[in-house]
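Quick notes on the structure that follows.
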Amino acid sequence: DGLAVFEDVATEPCALINPFAAQQMQLGFYAGQALRTPGGQAIGSLCVLDRKPRHLSPAESQLLEQLALVAQDLLLLQTTQVADSGLRTLRTRLDGPLLQSLTRLTTLAELNEWDAAPDAAEAQRYTDARLDEARHLTQAMHRELQAALAELG
């Protein structure tokens, strides 16, 4: 219903993914946050996959939940835009900041791949800093989208 986490798909098969597809993708980890309409109807999930088993920290869980809120806002804005062609101006205003935030989130994800800090404490501080920045960006995106949706009524 909310966040579903399967830390090791080989030992704990994920009921949300076809077992054949999981095997073909060499899936080791799955985390998915439910996406819902404002009325509560399930419309899908925002998923994070990895080929190796891993643990999802509380901070990462919170970030995935926040990213799902942003995804829901974007979907709602998209469907509203289809229904009201006058929203192009609003969408144009939002596209720049959203693209910038998404670019920064992508950069943070790529930096995670480069992490070669030999000191475990330093590596953890670096990871925490990346998560804090990602959380900040996600919250800012959600606030901006909520304000835009509020303008629409």
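Letters for chains follow the order of the structure tokens (A, B, ...), residue numbers begin at 1 for each chain, and ligand numbers begin at 1 in the order shown.
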Set the distance at 12 Å and use only C-alpha atoms: which residues neighbour segment 95-110 of chain A once local chain neighbours fewer than 3 positions away are removed? I'd like the list as a PyMOL selection string.
chain A and resi 48+63+67+70-71+73-74+77-78+88-92+113-115+126-145+148
Go through segment 33-140 of chain A residue by residue and, counting only C-alpha atoms, keep those with an atom at most 6 Å from segment 2-21 of chain A; for each kept residue give the shortest atom pair and its distance in Å to one decimal, ordered by chain and increasing number, as a tab-separated table.
```
residue	atom	partner	partner_atom	distance
A:Gln33	CA	A:Leu3	CA	4.4
A:Ala34	CA	A:Gly2	CA	5.2
A:Pro53	CA	A:Asp8	CA	4.6
A:Arg54	CA	A:Glu7	CA	5.4
A:His55	CA	A:Glu7	CA	5.7
```
Work out how far atom CA of Arg125 of chain A is from atom CA of Tyr30 of chain A, in Å to one decimal.
24.8 Å
When DSSP is applied to the backbone of this structure, which of segment 8-126 of chain A are assigned strand (DSSP E or B)? Write them out as an MDAnalysis selection string.
chainID A and resid 29:36 42:50
Residues from last step as file, C-alpha atoms, as a PDB file, in the first residue's frame:
```pdb
ATOM      1  CA  PHE A  29      16.990  -5.288  -4.796  1.00  0.00           C
ATOM      2  CA  TYR A  30      13.583  -3.649  -5.226  1.00  0.00           C
ATOM      3  CA  ALA A  31      11.964  -0.720  -3.427  1.00  0.00           C
ATOM      4  CA  GLY A  32       8.732   0.818  -4.640  1.00  0.00           C
ATOM      5  CA  GLN A  33       6.515   3.593  -3.325  1.00  0.00           C
ATOM      6  CA  ALA A  34       2.856   3.530  -4.339  1.00  0.00           C
ATOM      7  CA  LEU A  35       1.604   6.367  -6.543  1.00  0.00           C
ATOM      8  CA  ARG A  36      -1.984   7.479  -6.057  1.00  0.00           C
ATOM      9  CA  ALA A  42      -3.559   3.396  -7.092  1.00  0.00           C
ATOM     10  CA  ILE A  43      -1.944   4.295 -10.422  1.00  0.00           C
ATOM     11  CA  GLY A  44       1.457   2.616 -10.154  1.00  0.00           C
ATOM     12  CA  SER A  45       4.668   2.889  -8.206  1.00  0.00           C
ATOM     13  CA  LEU A  46       7.967   4.718  -8.258  1.00  0.00           C
ATOM     14  CA  CYS A  47      10.655   2.037  -8.061  1.00  0.00           C
ATOM     15  CA  VAL A  48      14.341   1.789  -7.288  1.00  0.00           C
ATOM     16  CA  LEU A  49      16.136  -1.318  -8.557  1.00  0.00           C
ATOM     17  CA  ASP A  50      19.631  -2.699  -8.089  1.00  0.00           C
TER      18      ASP A  50
END
```
One decimal, in Å: what's the spacing between atom CA of Leu149 of chain A and atom CA of Ala68 of chain A?
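If I compute the distance from atom CA of Leu149 of chain A to atom CA of Ala68 of chain A, I get 16.2 Å.
Atom CA of Gln26 of chain A lies 28.2 Å from atom CA of Ala120 of chain A.
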Could you pull out the helix (DSSP H, G or I) residues of segment 10-112 of chain A from DSSP and send them as a PyMOL selection string?
chain A and resi 19-24+58-83+85-112
Those residues with C-alpha atoms, as a PDB file, in the first residue's frame please?
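Saved as result_32.pdb:
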```
ATOM      1  CA  PRO A  19       9.875 -13.813 -11.247  1.00  0.00           C
ATOM      2  CA  PHE A  20      11.053 -14.471 -14.809  1.00  0.00           C
ATOM      3  CA  ALA A  21      11.602 -10.740 -15.397  1.00  0.00           C
ATOM      4  CA  ALA A  22      13.450 -10.424 -12.072  1.00  0.00           C
ATOM      5  CA  GLN A  23      15.734 -13.298 -13.052  1.00  0.00           C
ATOM      6  CA  GLN A  24      16.341 -11.935 -16.562  1.00  0.00           C
ATOM      7  CA  PRO A  58      15.411   5.306   6.726  1.00  0.00           C
ATOM      8  CA  ALA A  59      16.729   8.461   5.005  1.00  0.00           C
ATOM      9  CA  GLU A  60      16.571   6.740   1.603  1.00  0.00           C
ATOM     10  CA  SER A  61      13.052   5.472   2.373  1.00  0.00           C
ATOM     11  CA  GLN A  62      11.962   9.000   3.241  1.00  0.00           C
ATOM     12  CA  LEU A  63      13.544  10.338   0.056  1.00  0.00           C
ATOM     13  CA  LEU A  64      11.737   7.732  -2.073  1.00  0.00           C
ATOM     14  CA  GLU A  65       8.438   8.717  -0.424  1.00  0.00           C
ATOM     15  CA  GLN A  66       9.145  12.398  -1.188  1.00  0.00           C
ATOM     16  CA  LEU A  67      10.089  11.613  -4.785  1.00  0.00           C
ATOM     17  CA  ALA A  68       6.800   9.735  -5.146  1.00  0.00           C
ATOM     18  CA  LEU A  69       4.939  12.871  -4.003  1.00  0.00           C
ATOM     19  CA  VAL A  70       6.760  14.865  -6.687  1.00  0.00           C
ATOM     20  CA  ALA A  71       5.875  12.215  -9.293  1.00  0.00           C
ATOM     21  CA  GLN A  72       2.214  12.362  -8.225  1.00  0.00           C
ATOM     22  CA  ASP A  73       2.250  16.172  -8.473  1.00  0.00           C
ATOM     23  CA  LEU A  74       3.787  16.016 -11.953  1.00  0.00           C
ATOM     24  CA  LEU A  75       1.204  13.480 -13.111  1.00  0.00           C
ATOM     25  CA  LEU A  76      -1.630  15.609 -11.729  1.00  0.00           C
ATOM     26  CA  LEU A  77      -0.217  18.730 -13.356  1.00  0.00           C
ATOM     27  CA  GLN A  78       0.110  16.864 -16.656  1.00  0.00           C
ATOM     28  CA  THR A  79      -3.491  15.638 -16.596  1.00  0.00           C
ATOM     29  CA  THR A  80      -4.716  19.096 -15.583  1.00  0.00           C
ATOM     30  CA  GLN A  81      -2.708  20.658 -18.408  1.00  0.00           C
ATOM     31  CA  VAL A  82      -4.360  18.334 -20.910  1.00  0.00           C
ATOM     32  CA  ALA A  83      -7.777  19.459 -19.641  1.00  0.00           C
ATOM     33  CA  SER A  85      -4.758  24.569 -22.416  1.00  0.00           C
ATOM     34  CA  GLY A  86      -4.288  27.845 -20.488  1.00  0.00           C
ATOM     35  CA  LEU A  87      -1.770  26.110 -18.253  1.00  0.00           C
ATOM     36  CA  ARG A  88       1.080  26.408 -20.729  1.00  0.00           C
ATOM     37  CA  THR A  89       2.307  29.612 -19.045  1.00  0.00           C
ATOM     38  CA  LEU A  90       2.328  27.949 -15.647  1.00  0.00           C
ATOM     39  CA  ARG A  91       4.076  24.899 -17.045  1.00  0.00           C
ATOM     40  CA  THR A  92       6.702  27.081 -18.718  1.00  0.00           C
ATOM     41  CA  ARG A  93       7.383  28.779 -15.376  1.00  0.00           C
ATOM     42  CA  LEU A  94       7.815  25.416 -13.656  1.00  0.00           C
ATOM     43  CA  ASP A  95       9.830  23.592 -16.299  1.00  0.00           C
ATOM     44  CA  GLY A  96      13.089  25.502 -15.745  1.00  0.00           C
ATOM     45  CA  PRO A  97      13.336  25.056 -11.953  1.00  0.00           C
ATOM     46  CA  LEU A  98      12.122  21.450 -12.163  1.00  0.00           C
ATOM     47  CA  LEU A  99      14.644  20.563 -14.846  1.00  0.00           C
ATOM     48  CA  GLN A 100      17.402  22.183 -12.795  1.00  0.00           C
ATOM     49  CA  SER A 101      16.366  20.197  -9.706  1.00  0.00           C
ATOM     50  CA  LEU A 102      16.178  16.948 -11.661  1.00  0.00           C
ATOM     51  CA  THR A 103      19.633  17.623 -13.116  1.00  0.00           C
ATOM     52  CA  ARG A 104      21.018  18.168  -9.609  1.00  0.00           C
ATOM     53  CA  LEU A 105      19.390  14.930  -8.406  1.00  0.00           C
ATOM     54  CA  THR A 106      20.935  13.073 -11.352  1.00  0.00           C
ATOM     55  CA  THR A 107      24.331  14.550 -10.520  1.00  0.00           C
ATOM     56  CA  LEU A 108      23.958  13.427  -6.895  1.00  0.00           C
ATOM     57  CA  ALA A 109      23.110   9.909  -8.046  1.00  0.00           C
ATOM     58  CA  GLU A 110      26.143   9.867 -10.334  1.00  0.00           C
ATOM     59  CA  LEU A 111      28.390  11.121  -7.516  1.00  0.00           C
ATOM     60  CA  ASN A 112      27.281   8.112  -5.500  1.00  0.00           C
TER      61      ASN A 112
END
```
